[in-house]
Amino acid sequence: DTGVSQNPRHKITKRGQNVTFRCDPISEHNRLYWYRQTLGQGPEFLTYFQNEAQLEKSRLLSDRFSAERPKGSFSTLEIQRTEQGDSAMYLCASSPSRPVPGLPSYEQYFGPGTRLTVT
Amino acid sequence: AQTVTQSQPEMSVQEAETVTLSCTYDTSESDYYLFWYKQPPSRQMILVIRQEAYKQQNATENRFSVNFQKAAKSFSLKISDSQLGDAAMYFCAYRSVGGSQGNLIFGKGTKLSVKP
């Protein structure tokens, strides 16, 4: 396992279309996070899973956004009826919930992100 | 709610010199974690250094060290012997110890340029 992977890396879509992104975390990590990063800003928390349970959602996550982690492994983030304001980098991160030998339990490992452009 | 502030949008350093990036935070919690992340252009975010608030000793990782002032709620990053590969966005981040989610709270970042 070489780290957190995200697909696609880039997505260009027209306003009003639906998009779905995928995140594959590090295999032994049971916590998974989604963040959004707009230009010139730091990442902002969107939602968090422990195994398959979605335990926290930010107020940034409007009802057009939905995230799933059906088997506690990979996760998907879907945006319905995209708007130009949704244009951003969507980052996924994972961490273990208990210490793994050699790794702090609180350390989050980030994927390369999916850059979304809504035209 | 916790906040993280990075007051330097951009910094520049000459290769082989030392640079310090500033970060302040606001929290009512007594125990927490602080991090510096590096985000090179078009590449993924990687952890540079971490600090547990209960530890008085400042963390050090090779050329990177922090000055953690808990009372002042300040957490600066010092990069010694700067290298061209250090050029990147640097983000300061905060994480609570307790709670169920443990999400990171980031500052807006500092863009570091390294001049040859």
# chains A, B, ... in the order shown; residues from 1 in each chain; ligands from 1
$ select_by_dssp --residues "region 29-104 of chain A" --states "strand (DSSP E)" --output "compact mmCIF listing (two decimals) with all heavy atoms, in the first residue's frame"
# COMPACT_ATOMS: atom_id res chain seq x y z
N ARG A 31 -10.21 5.43 9.94
CA ARG A 31 -10.79 6.77 9.90
C ARG A 31 -10.51 7.42 8.55
O ARG A 31 -9.40 7.32 8.03
CB ARG A 31 -10.20 7.65 11.02
CG ARG A 31 -10.67 7.26 12.40
CD ARG A 31 -10.12 8.19 13.45
NE ARG A 31 -10.71 7.91 14.77
CZ ARG A 31 -10.37 8.54 15.88
NH1 ARG A 31 -9.47 9.50 15.83
NH2 ARG A 31 -10.93 8.23 17.01
N LEU A 32 -11.53 8.07 8.01
CA LEU A 32 -11.40 8.71 6.70
C LEU A 32 -12.05 10.08 6.75
O LEU A 32 -13.16 10.24 7.28
CB LEU A 32 -12.05 7.83 5.61
CG LEU A 32 -11.87 8.26 4.16
CD1 LEU A 32 -11.81 7.03 3.26
CD2 LEU A 32 -12.95 9.20 3.70
N TYR A 33 -11.37 11.06 6.21
CA TYR A 33 -11.82 12.46 6.25
C TYR A 33 -11.89 13.02 4.82
O TYR A 33 -11.06 12.71 3.98
CB TYR A 33 -10.83 13.32 7.04
CG TYR A 33 -10.54 12.85 8.45
CD1 TYR A 33 -9.64 11.83 8.70
CD2 TYR A 33 -11.16 13.46 9.53
CE1 TYR A 33 -9.37 11.40 9.97
CE2 TYR A 33 -10.90 13.04 10.84
CZ TYR A 33 -9.99 12.01 11.04
OH TYR A 33 -9.73 11.58 12.31
N TRP A 34 -12.87 13.90 4.61
CA TRP A 34 -12.93 14.69 3.39
C TRP A 34 -12.77 16.17 3.76
O TRP A 34 -13.39 16.64 4.73
CB TRP A 34 -14.26 14.51 2.66
CG TRP A 34 -14.39 13.21 1.92
CD1 TRP A 34 -15.03 12.09 2.34
CD2 TRP A 34 -13.90 12.91 0.61
NE1 TRP A 34 -14.97 11.10 1.38
CE2 TRP A 34 -14.29 11.59 0.30
CE3 TRP A 34 -13.19 13.64 -0.36
CZ2 TRP A 34 -13.97 10.97 -0.91
CZ3 TRP A 34 -12.87 13.03 -1.55
CH2 TRP A 34 -13.26 11.70 -1.83
N TYR A 35 -11.93 16.87 2.99
CA TYR A 35 -11.72 18.30 3.15
C TYR A 35 -11.90 18.97 1.79
O TYR A 35 -11.71 18.36 0.75
CB TYR A 35 -10.29 18.60 3.63
CG TYR A 35 -9.94 18.11 5.02
CD1 TYR A 35 -9.51 16.80 5.24
CD2 TYR A 35 -10.01 18.97 6.12
CE1 TYR A 35 -9.17 16.35 6.51
CE2 TYR A 35 -9.67 18.54 7.39
CZ TYR A 35 -9.24 17.23 7.57
OH TYR A 35 -8.90 16.80 8.84
N ARG A 36 -12.23 20.25 1.83
CA ARG A 36 -12.30 21.06 0.60
C ARG A 36 -11.31 22.20 0.73
O ARG A 36 -11.23 22.85 1.79
CB ARG A 36 -13.71 21.61 0.41
CG ARG A 36 -13.87 22.42 -0.87
CD ARG A 36 -15.30 22.86 -1.04
NE ARG A 36 -15.69 23.88 -0.09
CZ ARG A 36 -16.91 24.36 0.01
NH1 ARG A 36 -17.87 23.90 -0.77
NH2 ARG A 36 -17.19 25.30 0.88
N GLN A 37 -10.56 22.44 -0.34
CA GLN A 37 -9.58 23.52 -0.33
C GLN A 37 -9.83 24.43 -1.53
O GLN A 37 -9.67 24.00 -2.68
CB GLN A 37 -8.16 22.96 -0.38
CG GLN A 37 -7.07 24.02 -0.26
CD GLN A 37 -5.68 23.43 -0.27
OE1 GLN A 37 -5.46 22.29 -0.69
NE2 GLN A 37 -4.71 24.19 0.20
N GLU A 44 -10.64 22.85 4.46
CA GLU A 44 -11.73 22.96 5.42
C GLU A 44 -12.42 21.60 5.53
O GLU A 44 -12.71 20.95 4.52
CB GLU A 44 -12.75 24.00 4.96
CG GLU A 44 -12.20 25.41 4.90
CD GLU A 44 -13.20 26.37 4.27
OE1 GLU A 44 -13.47 26.23 3.07
OE2 GLU A 44 -13.73 27.23 4.99
N PHE A 45 -12.70 21.19 6.74
CA PHE A 45 -13.28 19.89 7.02
C PHE A 45 -14.70 19.80 6.44
O PHE A 45 -15.51 20.72 6.59
CB PHE A 45 -13.31 19.68 8.53
CG PHE A 45 -14.12 18.50 8.99
CD1 PHE A 45 -13.66 17.22 8.79
CD2 PHE A 45 -15.33 18.68 9.64
CE1 PHE A 45 -14.41 16.12 9.23
CE2 PHE A 45 -16.08 17.61 10.09
CZ PHE A 45 -15.61 16.33 9.87
N LEU A 46 -14.99 18.67 5.80
CA LEU A 46 -16.33 18.42 5.27
C LEU A 46 -17.04 17.32 6.06
O LEU A 46 -18.16 17.50 6.54
CB LEU A 46 -16.27 18.01 3.80
CG LEU A 46 -15.84 19.08 2.81
CD1 LEU A 46 -15.80 18.50 1.40
CD2 LEU A 46 -16.79 20.27 2.86
N THR A 47 -16.39 16.15 6.16
CA THR A 47 -17.05 15.03 6.82
C THR A 47 -16.02 13.98 7.23
O THR A 47 -14.88 14.00 6.77
CB THR A 47 -18.13 14.41 5.92
OG1 THR A 47 -18.91 13.47 6.68
CG2 THR A 47 -17.51 13.68 4.72
N TYR A 48 -16.46 13.07 8.10
CA TYR A 48 -15.55 12.10 8.70
C TYR A 48 -16.27 10.76 8.87
O TYR A 48 -17.44 10.72 9.23
CB TYR A 48 -15.10 12.66 10.05
CG TYR A 48 -14.72 11.64 11.10
CD1 TYR A 48 -13.54 10.93 10.99
CD2 TYR A 48 -15.54 11.42 12.21
CE1 TYR A 48 -13.18 10.01 11.96
CE2 TYR A 48 -15.19 10.50 13.17
CZ TYR A 48 -14.01 9.79 13.05
OH TYR A 48 -13.65 8.89 14.00
N PHE A 49 -15.55 9.69 8.58
CA PHE A 49 -16.06 8.33 8.77
C PHE A 49 -15.13 7.58 9.72
O PHE A 49 -13.91 7.70 9.65
CB PHE A 49 -16.06 7.56 7.45
CG PHE A 49 -17.07 8.02 6.46
CD1 PHE A 49 -16.80 9.08 5.60
CD2 PHE A 49 -18.31 7.40 6.36
CE1 PHE A 49 -17.73 9.51 4.69
CE2 PHE A 49 -19.25 7.81 5.45
CZ PHE A 49 -18.96 8.88 4.61
N GLN A 50 -15.75 6.78 10.58
CA GLN A 50 -15.01 5.75 11.28
C GLN A 50 -15.59 4.43 10.82
O GLN A 50 -16.77 4.16 11.06
CB GLN A 50 -15.09 5.89 12.79
CG GLN A 50 -14.35 4.77 13.51
CD GLN A 50 -13.72 5.18 14.82
OE1 GLN A 50 -13.30 6.32 14.98
NE2 GLN A 50 -13.65 4.25 15.75
N ALA A 53 -19.33 4.15 9.31
CA ALA A 53 -20.23 5.12 9.93
C ALA A 53 -19.76 6.56 9.69
O ALA A 53 -18.62 6.90 9.98
CB ALA A 53 -20.33 4.84 11.42
N GLN A 54 -20.68 7.37 9.17
CA GLN A 54 -20.39 8.80 8.99
C GLN A 54 -20.72 9.49 10.30
O GLN A 54 -21.89 9.66 10.66
CB GLN A 54 -21.22 9.37 7.85
CG GLN A 54 -20.84 10.79 7.47
CD GLN A 54 -21.58 11.29 6.23
OE1 GLN A 54 -22.59 10.73 5.82
NE2 GLN A 54 -21.08 12.33 5.61
N LEU A 55 -19.71 9.92 11.02
CA LEU A 55 -19.90 10.41 12.38
C LEU A 55 -20.01 11.92 12.50
O LEU A 55 -20.45 12.41 13.53
CB LEU A 55 -18.76 9.90 13.28
CG LEU A 55 -18.64 8.38 13.44
CD1 LEU A 55 -17.56 8.03 14.43
CD2 LEU A 55 -19.99 7.79 13.87
N GLU A 56 -19.58 12.64 11.50
CA GLU A 56 -19.58 14.10 11.61
C GLU A 56 -19.70 14.71 10.23
O GLU A 56 -19.09 14.24 9.28
CB GLU A 56 -18.28 14.58 12.26
CG GLU A 56 -18.22 16.06 12.56
CD GLU A 56 -19.06 16.47 13.75
OE1 GLU A 56 -19.43 15.58 14.53
OE2 GLU A 56 -19.33 17.68 13.91
N LYS A 57 -20.53 15.74 10.13
CA LYS A 57 -20.65 16.49 8.88
C LYS A 57 -20.56 17.98 9.19
O LYS A 57 -21.23 18.48 10.09
CB LYS A 57 -21.99 16.19 8.19
CG LYS A 57 -22.11 14.78 7.66
CD LYS A 57 -23.23 14.63 6.67
CE LYS A 57 -24.59 14.82 7.29
NZ LYS A 57 -25.68 14.52 6.32
N PHE A 65 -24.46 17.63 -1.29
CA PHE A 65 -23.30 16.78 -1.09
C PHE A 65 -23.71 15.52 -0.33
O PHE A 65 -24.45 15.58 0.64
CB PHE A 65 -22.23 17.50 -0.26
CG PHE A 65 -21.52 18.60 -0.97
CD1 PHE A 65 -22.18 19.78 -1.30
CD2 PHE A 65 -20.19 18.48 -1.30
CE1 PHE A 65 -21.52 20.81 -1.94
CE2 PHE A 65 -19.51 19.51 -1.94
CZ PHE A 65 -20.17 20.67 -2.26
N SER A 66 -23.16 14.39 -0.76
CA SER A 66 -23.36 13.16 0.01
C SER A 66 -22.08 12.33 -0.05
O SER A 66 -21.42 12.28 -1.08
CB SER A 66 -24.55 12.36 -0.50
OG SER A 66 -24.33 11.95 -1.84
N ALA A 67 -21.76 11.71 1.06
CA ALA A 67 -20.57 10.88 1.12
C ALA A 67 -20.95 9.52 1.67
O ALA A 67 -21.83 9.41 2.52
CB ALA A 67 -19.50 11.53 1.99
N GLU A 68 -20.25 8.51 1.17
CA GLU A 68 -20.49 7.14 1.62
C GLU A 68 -19.18 6.41 1.81
O GLU A 68 -18.18 6.72 1.17
CB GLU A 68 -21.34 6.37 0.60
CG GLU A 68 -22.74 6.88 0.41
CD GLU A 68 -23.53 6.02 -0.56
OE1 GLU A 68 -22.90 5.29 -1.36
OE2 GLU A 68 -24.77 6.09 -0.53
N SER A 75 -14.15 5.38 -0.05
CA SER A 75 -15.25 6.31 0.16
C SER A 75 -15.53 7.06 -1.14
O SER A 75 -14.64 7.24 -1.98
CB SER A 75 -14.89 7.31 1.26
OG SER A 75 -15.91 8.29 1.41
N THR A 76 -16.77 7.47 -1.31
CA THR A 76 -17.14 8.33 -2.43
C THR A 76 -17.77 9.61 -1.92
O THR A 76 -18.46 9.62 -0.89
CB THR A 76 -18.12 7.62 -3.39
OG1 THR A 76 -19.30 7.24 -2.66
CG2 THR A 76 -17.48 6.40 -4.02
N LEU A 77 -17.52 10.68 -2.64
CA LEU A 77 -18.13 11.98 -2.36
C LEU A 77 -18.86 12.40 -3.63
O LEU A 77 -18.24 12.51 -4.69
CB LEU A 77 -17.07 13.02 -1.98
CG LEU A 77 -17.56 14.44 -1.72
CD1 LEU A 77 -18.41 14.49 -0.45
CD2 LEU A 77 -16.39 15.41 -1.60
N GLU A 78 -20.16 12.60 -3.53
CA GLU A 78 -20.96 13.00 -4.68
C GLU A 78 -21.46 14.41 -4.48
O GLU A 78 -21.91 14.78 -3.39
CB GLU A 78 -22.14 12.05 -4.89
CG GLU A 78 -22.98 12.42 -6.11
CD GLU A 78 -24.21 11.55 -6.29
OE1 GLU A 78 -24.59 10.84 -5.34
OE2 GLU A 78 -24.78 11.59 -7.40
N ILE A 79 -21.39 15.19 -5.53
CA ILE A 79 -21.98 16.53 -5.54
C ILE A 79 -23.04 16.55 -6.63
O ILE A 79 -22.77 16.28 -7.80
CB ILE A 79 -20.94 17.63 -5.83
CG1 ILE A 79 -19.73 17.50 -4.90
CG2 ILE A 79 -21.57 19.00 -5.65
CD1 ILE A 79 -18.60 18.47 -5.23
N ALA A 88 -13.10 23.61 -6.57
CA ALA A 88 -12.15 23.52 -5.45
C ALA A 88 -11.33 22.25 -5.61
O ALA A 88 -11.61 21.42 -6.48
CB ALA A 88 -12.89 23.48 -4.11
N MET A 89 -10.36 22.09 -4.71
CA MET A 89 -9.65 20.82 -4.57
C MET A 89 -10.32 20.05 -3.45
O MET A 89 -10.52 20.60 -2.35
CB MET A 89 -8.18 21.06 -4.24
CG MET A 89 -7.38 19.81 -4.01
SD MET A 89 -6.98 18.95 -5.54
CE MET A 89 -5.50 19.86 -5.99
N TYR A 90 -10.68 18.81 -3.70
CA TYR A 90 -11.29 17.97 -2.68
C TYR A 90 -10.25 16.95 -2.22
O TYR A 90 -9.77 16.13 -3.00
CB TYR A 90 -12.56 17.30 -3.22
CG TYR A 90 -13.66 18.32 -3.42
CD1 TYR A 90 -13.72 19.07 -4.58
CD2 TYR A 90 -14.58 18.57 -2.41
CE1 TYR A 90 -14.70 20.06 -4.74
CE2 TYR A 90 -15.55 19.54 -2.56
CZ TYR A 90 -15.60 20.28 -3.72
OH TYR A 90 -16.56 21.25 -3.87
N LEU A 91 -9.92 17.05 -0.94
CA LEU A 91 -8.85 16.24 -0.37
C LEU A 91 -9.44 15.15 0.52
O LEU A 91 -10.40 15.38 1.26
CB LEU A 91 -7.91 17.10 0.47
CG LEU A 91 -7.16 18.21 -0.25
CD1 LEU A 91 -6.45 19.11 0.76
CD2 LEU A 91 -6.16 17.63 -1.22
N CYS A 92 -8.83 14.00 0.48
CA CYS A 92 -9.19 12.89 1.35
C CYS A 92 -7.98 12.59 2.23
O CYS A 92 -6.82 12.71 1.79
CB CYS A 92 -9.55 11.68 0.50
SG CYS A 92 -9.92 10.18 1.44
N ALA A 93 -8.23 12.22 3.46
CA ALA A 93 -7.15 11.83 4.38
C ALA A 93 -7.62 10.64 5.20
O ALA A 93 -8.82 10.43 5.40
CB ALA A 93 -6.79 13.00 5.30
N SER A 94 -6.68 9.84 5.65
CA SER A 94 -7.03 8.71 6.50
C SER A 94 -6.08 8.64 7.68
O SER A 94 -4.96 9.17 7.64
CB SER A 94 -7.01 7.40 5.71
OG SER A 94 -5.69 7.02 5.35
N SER A 95 -6.56 8.00 8.74
CA SER A 95 -5.72 7.80 9.92
C SER A 95 -6.21 6.57 10.67
O SER A 95 -7.37 6.16 10.54
CB SER A 95 -5.76 9.03 10.83
OG SER A 95 -6.98 9.11 11.53
$ interface_residues --of "chain A" --to "chain B" --cutoff "6 Å" --atoms "only C-alpha atoms" --output "NGL selection string"
:A and (41-42 or 110 or 112)
$ closest_residue --among "B:Ser74, B:Asn67, B:Thr60, B:Ser113" --to "Thr24 (chain B)" --atoms "only C-alpha atoms"
B:Ser74
$ residues_around --residues "Leu112 (chain B)" --least-positions-apart "5" --cutoff "6 Å" --atoms "only C-alpha atoms" --output "list of chain:residue names"
B:Glu10, B:Met11, B:Ser12, B:Ala87, B:Ala88
$ write_last_selection --atoms "N, CA and C atoms" --output "PDB file, in the first residue's frame"
ATOM      1  N   GLU B  10       3.028  35.282   2.322  1.00  0.00           N
ATOM      2  CA  GLU B  10       4.190  34.868   1.530  1.00  0.00           C
ATOM      3  C   GLU B  10       5.467  35.172   2.299  1.00  0.00           C
ATOM      4  N   MET B  11       6.455  34.285   2.125  1.00  0.00           N
ATOM      5  CA  MET B  11       7.776  34.505   2.689  1.00  0.00           C
ATOM      6  C   MET B  11       8.807  34.069   1.651  1.00  0.00           C
ATOM      7  N   SER B  12       9.981  34.647   1.754  1.00  0.00           N
ATOM      8  CA  SER B  12      11.061  34.302   0.843  1.00  0.00           C
ATOM      9  C   SER B  12      12.347  34.111   1.641  1.00  0.00           C
ATOM     10  N   ALA B  87      10.505  24.900  -1.132  1.00  0.00           N
ATOM     11  CA  ALA B  87       9.519  25.824  -1.685  1.00  0.00           C
ATOM     12  C   ALA B  87       8.158  25.141  -1.771  1.00  0.00           C
ATOM     13  N   ALA B  88       7.170  25.741  -1.116  1.00  0.00           N
ATOM     14  CA  ALA B  88       5.844  25.122  -1.034  1.00  0.00           C
ATOM     15  C   ALA B  88       4.921  26.036  -0.239  1.00  0.00           C
TER      16      ALA B  88
END
$ residues_around --residues "Pro116 (chain B)" --least-positions-apart "5" --cutoff "10 Å" --atoms "only C-alpha atoms" --output "PDB file with N, CA and C atoms, in the first residue's frame"
ATOM      1  N   VAL B  13      13.162  33.155   1.201  1.00  0.00           N
ATOM      2  CA  VAL B  13      14.429  32.896   1.895  1.00  0.00           C
ATOM      3  C   VAL B  13      15.491  32.546   0.873  1.00  0.00           C
ATOM      4  N   GLN B  14      16.694  32.905   1.163  1.00  0.00           N
ATOM      5  CA  GLN B  14      17.820  32.535   0.313  1.00  0.00           C
ATOM      6  C   GLN B  14      18.226  31.104   0.649  1.00  0.00           C
ATOM      7  N   GLU B  15      18.597  30.367  -0.390  1.00  0.00           N
ATOM      8  CA  GLU B  15      19.072  29.000  -0.193  1.00  0.00           C
ATOM      9  C   GLU B  15      20.169  28.985   0.871  1.00  0.00           C
ATOM     10  N   ALA B  16      20.094  27.987   1.753  1.00  0.00           N
ATOM     11  CA  ALA B  16      21.054  27.771   2.848  1.00  0.00           C
ATOM     12  C   ALA B  16      20.809  28.667   4.065  1.00  0.00           C
ATOM     13  N   SER B  82      17.887  26.244   4.335  1.00  0.00           N
ATOM     14  CA  SER B  82      16.799  26.103   3.362  1.00  0.00           C
ATOM     15  C   SER B  82      17.297  25.543   2.034  1.00  0.00           C
ATOM     16  N   GLN B  83      16.488  24.671   1.466  1.00  0.00           N
ATOM     17  CA  GLN B  83      16.802  24.049   0.188  1.00  0.00           C
ATOM     18  C   GLN B  83      15.726  24.390  -0.831  1.00  0.00           C
ATOM     19  N   LEU B  84      16.081  24.298  -2.115  1.00  0.00           N
ATOM     20  CA  LEU B  84      15.117  24.628  -3.172  1.00  0.00           C
ATOM     21  C   LEU B  84      13.849  23.788  -3.044  1.00  0.00           C
TER      22      LEU B  84
END
$ atom_distance --atom1 "CA of Thr38 (chain A)" --atom2 "CA of Ser28 (chain B)"
27.6 Å
$ atom_distance --atom1 "CA of Phe21 (chain A)" --atom2 "CA of Glu107 (chain A)"
23.0 Å
$ closest_residue --among "B:Glu29, B:Phe64, B:Gln2, B:Glu52" --to "Ser76 (chain B)" --atoms "only C-alpha atoms"
B:Phe64
